[in-house]
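This report concerns only the one structure given below.
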Amino acid sequence: MSRVLSLAEAVEQHVRDGDTVAMEGFTHLIPHAAAHEVIRQGRKRLTLVRMTPDLIYDQMIGMGCAEKAVFSWGGNPGVGSLHRFRDAVENGWPHPLAIEEHSHAAMANAYDAGAAGLPCAVLRGYVGADLPKVNSNIRSIVCPFTGEKLAAVPAIRPDVGIVHAQKADRAGNVMLEGIVGVQKEVVLASKRSIVTVEEIVDEFGQRSPNAVILPAWTIGCVVKVPGGAYPSYAFGYYKRDNAFYKAWDAIAKDRDGFRAWMKANVLDQGPEVFAAHARKMLQAAE
Amino acid sequence: MSRVLSLAEAVEQHVRDGDTVAMEGFTHLIPHAAAHEVIRQGRKRLTLVRMTPDLIYDQMIGMGCAEKAVFSWGGNPGVGSLHRFRDAVENGWPHPLAIEEHSHAAMANAYDAGAAGLPCAVLRGYVGADLPKVNSNIRSIVCPFTGEKLAAVPAIRPDVGIVHAQKADRAGNVMLEGIVGVQKEVVLASKRSIVTVEEIVDEFGQRSPNAVILPAWTIGCVVKVPGGAYPSYAFGYYKRDNAFYKAWDAIAKDRDGFRAWMKANVLDQGPEVFAAHARKMLQAAE
Amino acid sequence: MADYTPNEMMTVAAARALRNEDVCFVGIGMPSAAANLARLTHAPDIVLIYESGTLGTKPTVLPLSIGDGELCETALTTVPVPEMFRYWLQGGRITVGFLGGAQIDKFANLNTTVVGAYDKPKVRLPGGGGAPEIATSCGEIFIIMAQSKRAFVPKLDFVTSLGHGEDGQTRARLGVKTKGPTRLMTDLAVFQPEPGSNEMIVASIHPGVTREQVSEATGWPVRFAANVTETLAPTAKELETLRDLHARTRRAHGEAA
Amino acid sequence: MADYTPNEMMTVAAARALRNEDVCFVGIGMPSAAANLARLTHAPDIVLIYESGTLGTKPTVLPLSIGDGELCETALTTVPVPEMFRYWLQGGRITVGFLGGAQIDKFANLNTTVVGAYDKPKVRLPGGGGAPEIATSCGEIFIIMAQSKRAFVPKLDFVTSLGHGEDGQTRARLGVKTKGPTRLMTDLAVFQPEPGSNEMIVASIHPGVTREQVSEATGWPVRFAANVTETLAPTAKELETLRDLHARTRRAHGEAA
């Protein structure tokens, strides 16, 4: 049954050095506030799993939290490179970063398999592509009915899954809507989980009978962090700060500039700054 | 792109003798009106696929439409036997019925695999059970990472999928809600499809961003049949007629009684009677 | 103490076995009555899941089918059936699954498929439905079945779902990590697996029932635990809650007849 | 006729290749501009799908990311990402997929993974994302890429996604049923696979561009179809629609800066 904690408590209790951590949210609902807390608490040697490392892992990698990244697309969407991620892979700064690289389809299936309690996922994937040559976690099985060779990848079973959602109710159930990505899968696939939410309501009230809801008993803890997805967004609350995504390119390009930005905006701040970020984007929200 | 047809046209154009037909709806939204039309049009030698044959296939089997049933639970829920189904299996009346029997988990996964374009589904299933001994379509694969033996079943790819839903819009998109079962999967897995709906609206209007919707271009044709799920039900429209499910036991027990009932209530009727059935259940709906 | 029927005793015994923390995969009929009785008495927070996809449902009347509208209307949310079997059952999220059957053997293997040969059945039963995977994916299994020699048999005609296997040791041999049948509630007694052998032996006998009656209704030489107790009779509150539930249900299912 | 840039010509050429009946898996950047230009001009019923799960989306401004709120707000509905890749892409429901890359070879294989060796990259590119499965699951593939010798190379450093393979015949050999790359739109020309060899050859050259310019910007000995035509210049309506779309997009993405 999920407990309501502060963000500092949640990270303190759920994220340990050396853990395999998956912070998900497919462009939407990326748990930035939680990542900043992990950085502030100085976690090390993490294996960071995420389809799109995005700014969230660019920051964590640049701050030395990670020793390995498992991913399928490592760019700044619509902008260009993730400079900190590249610097780690190309130059080993701040220290070398091992990578395990998949396709989106394979990772989405691997999260699904993790949620489904299977040891591996099976897909028609990687046909004629080079990734299987450099990733020994891409193997194959043969369909026992047709003889077709299909790709297999291991299920993703993180030590900790961290996601952001729109709201929790008093019982600790979590509801999300819009681009739901692999949010449900990562929580169900993880041994422990943290869900940050925009707000905690007494009851969800009127809703679709098929609303996307994670029951309280599937979640480790819930943390209220208004704006916690910024510069990503929360459908119905505030918009994505596309301008910041563009600005990040220049911030992250240079090691010193990056560190200065992280000190001013992450190390010297707390999760409460996210509410102000979101307010800035509020007038743009629908 | 889906076309709006009459029920007679839809069945005439989409269902052929010898087809593999899946009419789905897990207790909810069972396409009874469409099944009655198939019976009236005298289709023969069908392979009928459905997790729970329920009254809908009891009627079709008893009327001689089927030569094979693929299923996972063949009872009258909460009541007892499906007498026509049993009579066909035990006594070959009105003619012998071949069966291919699975578990619910396997069939749900097989529909999922059909929708996903895979040749087979993989699950942790049938462990220690006898079904694999009598069904050669239950085989196994070995996880290439853990060595675990998992069950495999062929994907379900029907010639025709038939489902009932709450509403279509003018563009032919279909929305359903409540117990959505394997409705989406069966339409996506089938070569052709018929969707009967309670009503056709100009636009869906306000809805969850994650509403369960089948786009028009995934559907063969849409037919408006108010009450078309009766004695099953349509969430938001009318309730399940549990009393009729109980009454069916006596109706179906006896061959002559069954045929008389079918003549009076199916052969000599048209799809318009379903609206009256539903009205009867309307006052009970919420 | 009011009078009660053997069926009521069986349902109450099953309800009591459920804990407030359980996540229960509920079947139709007696399991549904037992699970909701538990929810309405000592286990208000129990999570009830029906295989139609309804998560955390709180029906005010018992459903006739596994997918009555009542289940969806009172649920936290409703998921597609493939997701139910993949993420929720196979995903290992269920602590207790309920099963019953037409035949059971002393290792609590169950048959709901056929009486007689599979290809030439004397009686074609409904089949397994969710049972084959419920039996191995849930943390543990509770079974509810009225006793008779016809149902409690030395050897099943067909193994629909695995209990403790042919010799009581099959689960371990097949690498199954879940406990399997830990309780069998009948109209006469409560059975539990004997540690080690995993044979279902009588743990408690319902008030007014004799050992002889239990033995006569069991098709194998039934054994009794060293410390067999008498099942606590249903309390007035349990009986009242159960009867109210059934009365509400009868009214709801019959009213449109 | 207004002036236009090579980029605009490339985008317009790509938009024209789309049909009103298509179901298009759209990537970010030029594919998104081309697909929406098609929707706003000759293909109003085209179905646009973005891998974030948005089905039948009709954005009024172009998304910066594959999952901008705009895509979800204007979609028929939005599905989870595993479902997107399983039921919609792998399910074979997409008629056209768009791809681009850092490197392309003459059989339209693409590299978006690394320049240099995989384990010791000179430039670590973003990687494949959806591309490996888009390349084989969509009915056919349109590629948009600006031409240069650095990008149009004799041999890829890494095959991120399959085009027609090493020798143009790989798809058939691997049992891939879909067509693969059928058009390559560049800032200079439109390429199509030569029947039989599947080598990408020039089918039309954009107005004002010479064969020599095309050859010089291609890292392999480029070949021209027997009947090379001149690409039709963008019409005033195409240009106006595209520029309005970009202007709206700039305002939307910049306003909160």
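Letters A, B, ... go to the chains of the structure tokens in the order shown; residues in each chain start at 1; ligands are counted from 1 in the same order.
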
Could you go through range 18-258 of chain A and tell me which residues DSSP, when run on the backbone, assigns to helix (DSSP H, G or I), listing them as a ChimeraX atom specification?
/A:32-40,54-62,83-91,104-115,131-134,183-189,216-218,242-253,255-258

Within 10 Å of range 93-109 of chain A, which residues of range 11-85 of chain D show up? Give each one with its shortest atom-to-atom distance in Å (one decimal) and the two atoms involved, counting only C-alpha atoms, rows by chain then rising residue number, as a tab-separated table.
residue	atom	partner	partner_atom	distance
D:Glu51	CA	A:His104	CA	9.1
D:Pro80	CA	A:Ala108	CA	9.4
D:Val81	CA	A:Ala108	CA	6.5
D:Pro82	CA	A:Ala108	CA	4.8
D:Glu83	CA	A:Ala108	CA	8.5
D:Met84	CA	A:Ala105	CA	8.8
D:Phe85	CA	A:Ala105	CA	5.5

Could you write out that same residue set with C-alpha atoms as a compact mmCIF listing (two decimals), in the first residue's frame?
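This went into again.txt:
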# COMPACT_ATOMS: atom_id res chain seq x y z
CA GLU D 51 4.98 6.88 -31.75
CA PRO D 80 0.07 3.30 -24.33
CA VAL D 81 3.47 3.09 -26.01
CA PRO D 82 3.72 -0.73 -25.84
CA GLU D 83 0.36 -0.95 -27.60
CA MET D 84 1.55 1.55 -30.24
CA PHE D 85 4.52 -0.62 -31.14

Taking only residues of chain D that have an atom at most 7 Å from an atom of chain B, what is each one's shortest atom pair and its distance in Å to one decimal, using only C-alpha atoms, in chain and number order, as a Markdown table?
| residue | atom | partner | partner_atom | distance |
| --- | --- | --- | --- | --- |
| D:Thr77 | CA | B:Asn210 | CA | 5.5 |
| D:Thr78 | CA | B:Asn210 | CA | 5.0 |
| D:Val79 | CA | B:Asn210 | CA | 6.2 |
| D:Arg86 | CA | B:Ala116 | CA | 4.8 |
| D:Tyr87 | CA | B:Ala116 | CA | 4.2 |
| D:Gln90 | CA | B:Gly117 | CA | 5.8 |
| D:Gly91 | CA | B:Gly117 | CA | 4.2 |
| D:Gly92 | CA | B:Gly117 | CA | 6.6 |

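Each of B:Ala275, B:Val174, B:Leu150, B:Leu282 was compared to chain A using only C-alpha atoms, and B:Leu150 turns out to be the nearest.
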
Within 12 Å of chain B, which residues of chain A are there when counting only C-alpha atoms? Please give them as a PyMOL selection string.
chain A and resi 105+109+113+116-125+136-155+175-181+206-213+235-236

Could you give me the residues within range 62-139 of chain B that DSSP places in strand (DSSP E), as a list in words?
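Taking range 62-139 of chain B and keeping strand (DSSP E) gives Ala66, Glu67, Lys68, Ala69, Val70, Phe71, Gly75, Asn76, Gly80, Ser81, Ala98, Ile99, Glu100, Glu101, Cys120, Ala121, Val122, Leu123 and Arg139 of chain B.
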
Hey, can you spit out that residue selection with C-alpha atoms as a PDB file, in the first residue's frame?
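Contents of selection-v1.pdb, freshly written:
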ATOM      1  CA  ALA B  66     -20.606 -24.654 -36.527  1.00  0.00           C
ATOM      2  CA  GLU B  67     -18.218 -27.488 -37.237  1.00  0.00           C
ATOM      3  CA  LYS B  68     -15.611 -26.463 -34.676  1.00  0.00           C
ATOM      4  CA  ALA B  69     -15.409 -24.413 -31.497  1.00  0.00           C
ATOM      5  CA  VAL B  70     -12.258 -22.774 -30.135  1.00  0.00           C
ATOM      6  CA  PHE B  71     -12.929 -21.734 -26.543  1.00  0.00           C
ATOM      7  CA  GLY B  75     -20.702 -22.751 -19.465  1.00  0.00           C
ATOM      8  CA  ASN B  76     -23.698 -20.520 -18.788  1.00  0.00           C
ATOM      9  CA  GLY B  80     -24.633 -24.138 -15.359  1.00  0.00           C
ATOM     10  CA  SER B  81     -24.239 -25.957 -18.647  1.00  0.00           C
ATOM     11  CA  ALA B  98     -14.703 -30.480 -33.106  1.00  0.00           C
ATOM     12  CA  ILE B  99     -13.185 -28.524 -30.237  1.00  0.00           C
ATOM     13  CA  GLU B 100      -9.917 -26.747 -29.610  1.00  0.00           C
ATOM     14  CA  GLU B 101      -9.719 -25.898 -25.956  1.00  0.00           C
ATOM     15  CA  CYS B 120       2.210 -16.915 -31.622  1.00  0.00           C
ATOM     16  CA  ALA B 121       1.673 -15.805 -28.052  1.00  0.00           C
ATOM     17  CA  VAL B 122       3.998 -16.647 -25.183  1.00  0.00           C
ATOM     18  CA  LEU B 123       2.789 -17.019 -21.607  1.00  0.00           C
ATOM     19  CA  ARG B 139       3.459 -25.951 -27.415  1.00  0.00           C
TER      20      ARG B 139
END

Within 6 Å of Ile143 in chain D, counting only C-alpha atoms, which residues show up once you throw out same-chain ones fewer than 2 positions away? Write them as a ChimeraX atom specification, please.
/D:98-100,184

What are the coordinates of chain C as a compact mmCIF listing (two decimals) with C-alpha atoms, in the first residue's frame following a least-squares fit to chain D on all in-order C-alpha atoms?
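Contents of the output file selection.txt:
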# COMPACT_ATOMS: atom_id res chain seq x y z
CA MET C 1 5.58 31.62 -58.18
CA ALA C 2 7.25 32.63 -54.97
CA ASP C 3 10.88 31.86 -54.22
CA TYR C 4 11.45 28.85 -52.07
CA THR C 5 14.33 27.15 -50.25
CA PRO C 6 15.75 23.70 -51.03
CA ASN C 7 14.36 22.58 -47.68
CA GLU C 8 10.90 23.71 -48.68
CA MET C 9 11.18 21.90 -51.99
CA MET C 10 12.21 18.73 -50.13
CA THR C 11 9.29 18.99 -47.71
CA VAL C 12 6.79 19.67 -50.48
CA ALA C 13 8.08 16.72 -52.52
CA ALA C 14 7.65 14.49 -49.49
CA ALA C 15 4.15 15.78 -48.78
CA ARG C 16 3.08 15.10 -52.34
CA ALA C 17 4.13 11.47 -52.09
CA LEU C 18 1.51 10.90 -49.41
CA ARG C 19 -1.98 9.81 -50.41
CA ASN C 20 -5.30 10.69 -48.84
CA GLU C 21 -5.77 7.00 -47.91
CA ASP C 22 -2.44 6.64 -46.13
CA VAL C 23 -1.90 5.79 -42.50
CA CYS C 24 1.40 7.46 -41.77
CA PHE C 25 3.84 6.87 -38.91
CA VAL C 26 5.32 10.32 -38.49
CA GLY C 27 8.71 11.26 -37.09
CA ILE C 28 9.71 14.61 -35.69
CA GLY C 29 11.11 17.40 -37.86
CA MET C 30 10.78 17.31 -41.64
CA PRO C 31 8.57 14.20 -41.75
CA SER C 32 6.16 15.92 -39.42
CA ALA C 33 6.15 19.06 -41.55
CA ALA C 34 5.62 17.02 -44.72
CA ALA C 35 2.85 14.85 -43.28
CA ASN C 36 0.95 17.84 -41.93
CA LEU C 37 1.44 19.77 -45.14
CA ALA C 38 -0.15 16.83 -46.98
CA ARG C 39 -3.03 16.81 -44.50
CA LEU C 40 -3.57 20.55 -44.93
CA THR C 41 -3.49 20.38 -48.74
CA HIS C 42 -4.32 17.36 -50.91
CA ALA C 43 -4.75 14.63 -48.26
CA PRO C 44 -7.24 15.89 -45.68
CA ASP C 45 -8.19 12.38 -44.53
CA ILE C 46 -4.66 11.06 -44.06
CA VAL C 47 -4.22 9.38 -40.68
CA LEU C 48 -1.18 10.62 -38.77
CA ILE C 49 0.27 8.49 -35.99
CA TYR C 50 3.13 9.52 -33.71
CA GLU C 51 5.00 6.87 -31.74
CA SER C 52 4.04 8.51 -28.45
CA GLY C 53 0.69 6.77 -28.88
CA THR C 54 -1.43 9.46 -30.54
CA LEU C 55 -3.75 8.01 -33.20
CA GLY C 56 -5.24 10.22 -35.92
CA THR C 57 -3.76 13.43 -34.61
CA LYS C 58 -4.35 16.83 -36.30
CA PRO C 59 -1.92 19.30 -34.78
CA THR C 60 -2.37 22.97 -35.64
CA VAL C 61 1.30 23.60 -34.84
CA LEU C 62 4.16 21.18 -35.38
CA PRO C 63 5.32 19.40 -32.27
CA LEU C 64 8.90 19.94 -31.12
CA SER C 65 8.97 16.52 -29.50
CA ILE C 66 7.26 13.31 -30.50
CA GLY C 67 4.92 13.72 -27.53
CA ASP C 68 3.94 17.38 -27.32
CA GLY C 69 0.54 17.96 -25.70
CA GLU C 70 -0.77 19.27 -29.02
CA LEU C 71 -0.57 15.76 -30.50
CA CYS C 72 -2.65 14.23 -27.74
CA GLU C 73 -5.17 17.06 -27.58
CA THR C 74 -5.98 16.78 -31.29
CA ALA C 75 -5.87 12.98 -31.54
CA LEU C 76 -8.79 10.61 -31.98
CA THR C 77 -7.35 8.80 -28.97
CA THR C 78 -4.01 8.04 -27.33
CA VAL C 79 -2.79 4.54 -26.53
CA PRO C 80 0.07 3.29 -24.33
CA VAL C 81 3.47 3.08 -26.01
CA PRO C 82 3.72 -0.74 -25.83
CA GLU C 83 0.36 -0.95 -27.60
CA MET C 84 1.55 1.54 -30.23
CA PHE C 85 4.51 -0.62 -31.14
CA ARG C 86 2.66 -3.93 -30.84
CA TYR C 87 -0.86 -3.44 -32.25
CA TRP C 88 -0.29 -0.49 -34.53
CA LEU C 89 3.24 -0.71 -35.92
CA GLN C 90 4.04 -4.43 -35.69
CA GLY C 91 0.37 -5.19 -36.37
CA GLY C 92 0.95 -4.01 -39.94
CA ARG C 93 -1.54 -1.18 -39.84
CA ILE C 94 0.77 1.59 -41.12
CA THR C 95 1.00 2.19 -44.86
CA VAL C 96 3.87 4.70 -44.83
CA GLY C 97 6.67 5.30 -42.38
CA PHE C 98 9.06 8.25 -42.58
CA LEU C 99 12.74 7.90 -41.79
CA GLY C 100 15.84 10.02 -41.98
CA GLY C 101 19.36 9.64 -40.72
CA ALA C 102 22.92 10.83 -40.47
CA GLN C 103 24.10 8.42 -43.16
CA ILE C 104 22.42 6.63 -46.05
CA ASP C 105 23.86 4.25 -48.64
CA LYS C 106 22.71 3.54 -52.17
CA PHE C 107 20.32 0.80 -51.02
CA ALA C 108 18.73 3.24 -48.57
CA ASN C 109 20.00 1.55 -45.46
CA LEU C 110 20.29 4.16 -42.71
CA ASN C 111 22.61 4.98 -39.85
CA THR C 112 21.48 7.11 -36.92
CA THR C 113 23.61 5.34 -34.32
CA VAL C 114 27.33 6.16 -34.52
CA VAL C 115 29.99 7.68 -36.73
CA GLY C 116 33.10 5.56 -36.27
CA ALA C 117 33.27 2.29 -34.39
CA TYR C 118 30.32 1.38 -32.15
CA ASP C 119 32.49 0.79 -29.09
CA LYS C 120 34.69 3.83 -29.67
CA PRO C 121 32.48 6.27 -31.54
CA LYS C 122 33.78 9.45 -33.11
CA VAL C 123 30.25 10.82 -32.87
CA ARG C 124 27.61 9.19 -30.77
CA LEU C 125 24.30 9.85 -32.55
CA PRO C 126 20.88 9.48 -30.84
CA GLY C 127 20.35 5.90 -32.00
CA GLY C 128 17.52 4.00 -33.62
CA GLY C 129 14.45 4.82 -31.56
CA GLY C 130 11.55 3.45 -33.54
CA ALA C 131 13.49 3.12 -36.80
CA PRO C 132 14.57 -0.56 -36.78
CA GLU C 133 10.95 -1.75 -36.68
CA ILE C 134 9.46 1.13 -38.67
CA ALA C 135 11.80 0.11 -41.50
CA THR C 136 10.32 -3.37 -41.77
CA SER C 137 6.76 -3.06 -40.40
CA CYS C 138 5.38 -0.18 -42.48
CA GLY C 139 3.98 -0.89 -45.93
CA GLU C 140 6.62 1.35 -47.46
CA ILE C 141 9.20 3.88 -46.31
CA PHE C 142 9.75 7.46 -47.40
CA ILE C 143 13.09 8.99 -46.50
CA ILE C 144 13.82 12.72 -46.21
CA MET C 145 17.46 13.80 -46.02
CA ALA C 146 19.47 16.77 -47.22
CA GLN C 147 22.24 15.60 -49.55
CA SER C 148 25.98 15.79 -48.87
CA LYS C 149 28.93 13.48 -49.39
CA ARG C 150 29.22 13.13 -45.61
CA ALA C 151 25.64 11.83 -45.38
CA PHE C 152 25.29 9.94 -48.68
CA VAL C 153 28.07 7.41 -48.16
CA PRO C 154 29.39 4.33 -49.98
CA LYS C 155 29.29 2.30 -46.77
CA LEU C 156 27.49 2.92 -43.48
CA ASP C 157 29.42 2.84 -40.22
CA PHE C 158 26.43 1.09 -38.67
CA VAL C 159 23.14 -0.23 -40.07
CA THR C 160 20.50 1.22 -37.75
CA SER C 161 17.60 0.32 -40.01
CA LEU C 162 17.27 -1.92 -43.02
CA GLY C 163 16.62 -0.42 -46.42
CA HIS C 164 17.17 -2.83 -49.28
CA GLY C 165 20.19 -4.36 -47.58
CA GLU C 166 23.81 -4.85 -48.55
CA ASP C 167 23.08 -5.92 -52.10
CA GLY C 168 19.54 -4.64 -52.59
CA GLN C 169 18.03 -8.11 -52.13
CA THR C 170 18.17 -8.53 -48.36
CA ARG C 171 14.49 -7.98 -47.65
CA ALA C 172 13.39 -10.88 -49.79
CA ARG C 173 16.18 -13.04 -48.39
CA LEU C 174 15.08 -12.34 -44.82
CA GLY C 175 11.41 -12.90 -45.62
CA VAL C 176 10.42 -9.28 -45.07
CA LYS C 177 7.09 -8.72 -46.82
CA THR C 178 6.98 -4.93 -46.81
CA LYS C 179 8.40 -2.77 -49.61
CA GLY C 180 11.01 -0.78 -47.72
CA PRO C 181 12.25 2.57 -49.04
CA THR C 182 10.27 3.52 -52.14
CA ARG C 183 11.17 7.20 -52.18
CA LEU C 184 14.03 9.34 -51.01
CA MET C 185 13.37 13.07 -51.00
CA THR C 186 16.44 15.31 -50.80
CA ASP C 187 17.03 19.02 -51.16
CA LEU C 188 18.21 18.35 -54.73
CA ALA C 189 16.17 15.48 -56.10
CA VAL C 190 13.80 12.59 -55.62
CA PHE C 191 15.26 9.06 -55.72
CA GLN C 192 13.37 5.83 -56.24
CA PRO C 193 14.59 2.24 -56.17
CA GLU C 194 15.51 0.85 -59.57
CA PRO C 195 13.24 -2.11 -60.30
CA GLY C 196 15.24 -5.30 -59.84
CA SER C 197 18.44 -3.92 -58.33
CA ASN C 198 16.67 -1.77 -55.72
CA GLU C 199 19.49 0.77 -55.98
CA MET C 200 18.17 4.26 -55.27
CA ILE C 201 18.39 6.19 -58.54
CA VAL C 202 17.37 9.73 -59.36
CA ALA C 203 13.78 9.93 -60.63
CA SER C 204 13.36 13.70 -60.68
CA ILE C 205 15.62 16.70 -60.12
CA HIS C 206 14.38 19.84 -58.43
CA PRO C 207 14.06 22.99 -60.59
CA GLY C 208 17.38 24.79 -61.04
CA VAL C 209 19.48 21.85 -59.82
CA THR C 210 21.94 20.14 -62.20
CA ARG C 211 22.91 16.49 -62.50
CA GLU C 212 26.41 17.52 -61.56
CA GLN C 213 25.24 19.05 -58.30
CA VAL C 214 23.38 15.83 -57.47
CA SER C 215 26.45 13.73 -58.30
CA GLU C 216 28.76 15.92 -56.26
CA ALA C 217 26.56 15.67 -53.23
CA THR C 218 26.40 11.88 -53.38
CA GLY C 219 29.18 9.69 -52.00
CA TRP C 220 28.56 6.89 -54.45
CA PRO C 221 28.47 7.01 -58.27
CA VAL C 222 24.89 8.18 -58.51
CA ARG C 223 22.74 6.88 -61.35
CA PHE C 224 19.82 8.53 -63.07
CA ALA C 225 16.63 6.94 -64.32
CA ALA C 226 16.14 6.75 -68.09
CA ASN C 227 13.33 9.27 -67.89
CA VAL C 228 14.44 11.73 -65.22
CA THR C 229 11.94 14.56 -64.92
CA GLU C 230 12.05 17.94 -63.32
CA THR C 231 10.29 18.03 -59.95
CA LEU C 232 7.27 20.30 -60.08
CA ALA C 233 8.14 23.46 -58.14
CA PRO C 234 6.10 24.10 -54.98
CA THR C 235 2.78 25.75 -55.73
CA ALA C 236 1.84 29.02 -54.08
CA LYS C 237 -0.70 27.17 -51.96
CA GLU C 238 1.84 24.58 -50.83
CA LEU C 239 4.34 27.24 -49.89
CA GLU C 240 1.82 29.39 -48.11
CA THR C 241 0.46 26.45 -46.12
CA LEU C 242 3.92 25.26 -45.15
CA ARG C 243 5.11 28.72 -44.14
CA ASP C 244 1.97 29.38 -42.11
CA LEU C 245 2.51 26.08 -40.35
CA HIS C 246 6.12 26.95 -39.52
CA ALA C 247 5.19 30.46 -38.41
CA ARG C 248 2.47 29.15 -36.09
CA THR C 249 4.94 26.62 -34.76
CA ARG C 250 7.65 29.19 -34.09
CA ARG C 251 5.20 31.36 -32.20
CA ALA C 252 3.98 28.45 -30.13
CA HIS C 253 7.43 27.10 -29.23
CA GLY C 254 9.04 30.43 -28.58
CA GLU C 255 6.38 32.25 -26.64
CA ALA C 256 7.31 30.85 -23.22
CA ALA C 257 11.07 31.31 -23.65

Separation of CA of Gly78 in chain A from CA of Ser232 in chain A, in Å and rounded to one decimal
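One can read the CA of Gly78 in chain A to CA of Ser232 in chain A distance as 13.6 Å.
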
What's the 9 Å shell around Trp261 in chain A, counting only C-alpha atoms, without same-chain residues fewer than 4 positions away, as a PyMOL selection string?
chain A and resi 251-252+256-257+265-266
